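Worksheet: one structure, shown below.
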Amino acid sequence: MKLHALFATLALGALASLATAPVHAQNTCASFLCMAGKVQGKDNVPGCEAPVQAFFSPTLYIYDHEGIDWPLTAANRERFLATCPGTSGTNASILAEIIAEYGTRAY
């Protein structure tokens, strides 16, 4: 029940922020919402394929002389999601969970 209520609150907050957010933020909000679902164990949610792919996009990778710099890539992914207004306040811990679990994964 607690996870259900948390996800419902997250969804409502993200949807409310979409009403006034620019298009880029709407895309990042979809990524945030879908990645929050993945952290909760909800894979294969209809409509989440593209937002999840955006989070794992190679365009967010940061490279150094040895290849992918995973700590910087995780920070870049966090900045990407943080452009969604719904990631602050009570949802900041969810953002931290997403980055902790998926920030340094290729996919």
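Chain lettering (A, B, ...) mirrors the order of the structure tokens, residue numbering begins at 1 for each chain separately, and ligand numbering begins at 1 in order of display.
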
* Spatial neighbours of Glu78 in chain A, 12 Å, only C-alpha atoms, chain gap at least 3 places, as a VMD selection string -> chain A and resid 28 31 to 32 35 55 to 56 60 to 61 71 to 75 81 to 84 87 to 88 92 to 104

* Counting only C-alpha atoms, figure out which residue out of A:Val39, A:Ala106, A:Ala30, A:Val45 gets nearest to Thr59 in chain A. =>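 Residue with the minimum atom-to-atom distance to Thr59 in chain A: A:Ala106.
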
* **strand (DSSP E or B) call set, DSSP backbone run, range 17-73 of chain A, as a list in words** => Tyr63, Asp64, Gly67 and Ile68 of chain A

* Grab the CA of Thr90 in chain A to CA of Arg105 in chain A distance for me, in Å with one decimal place. => 24.9 Å
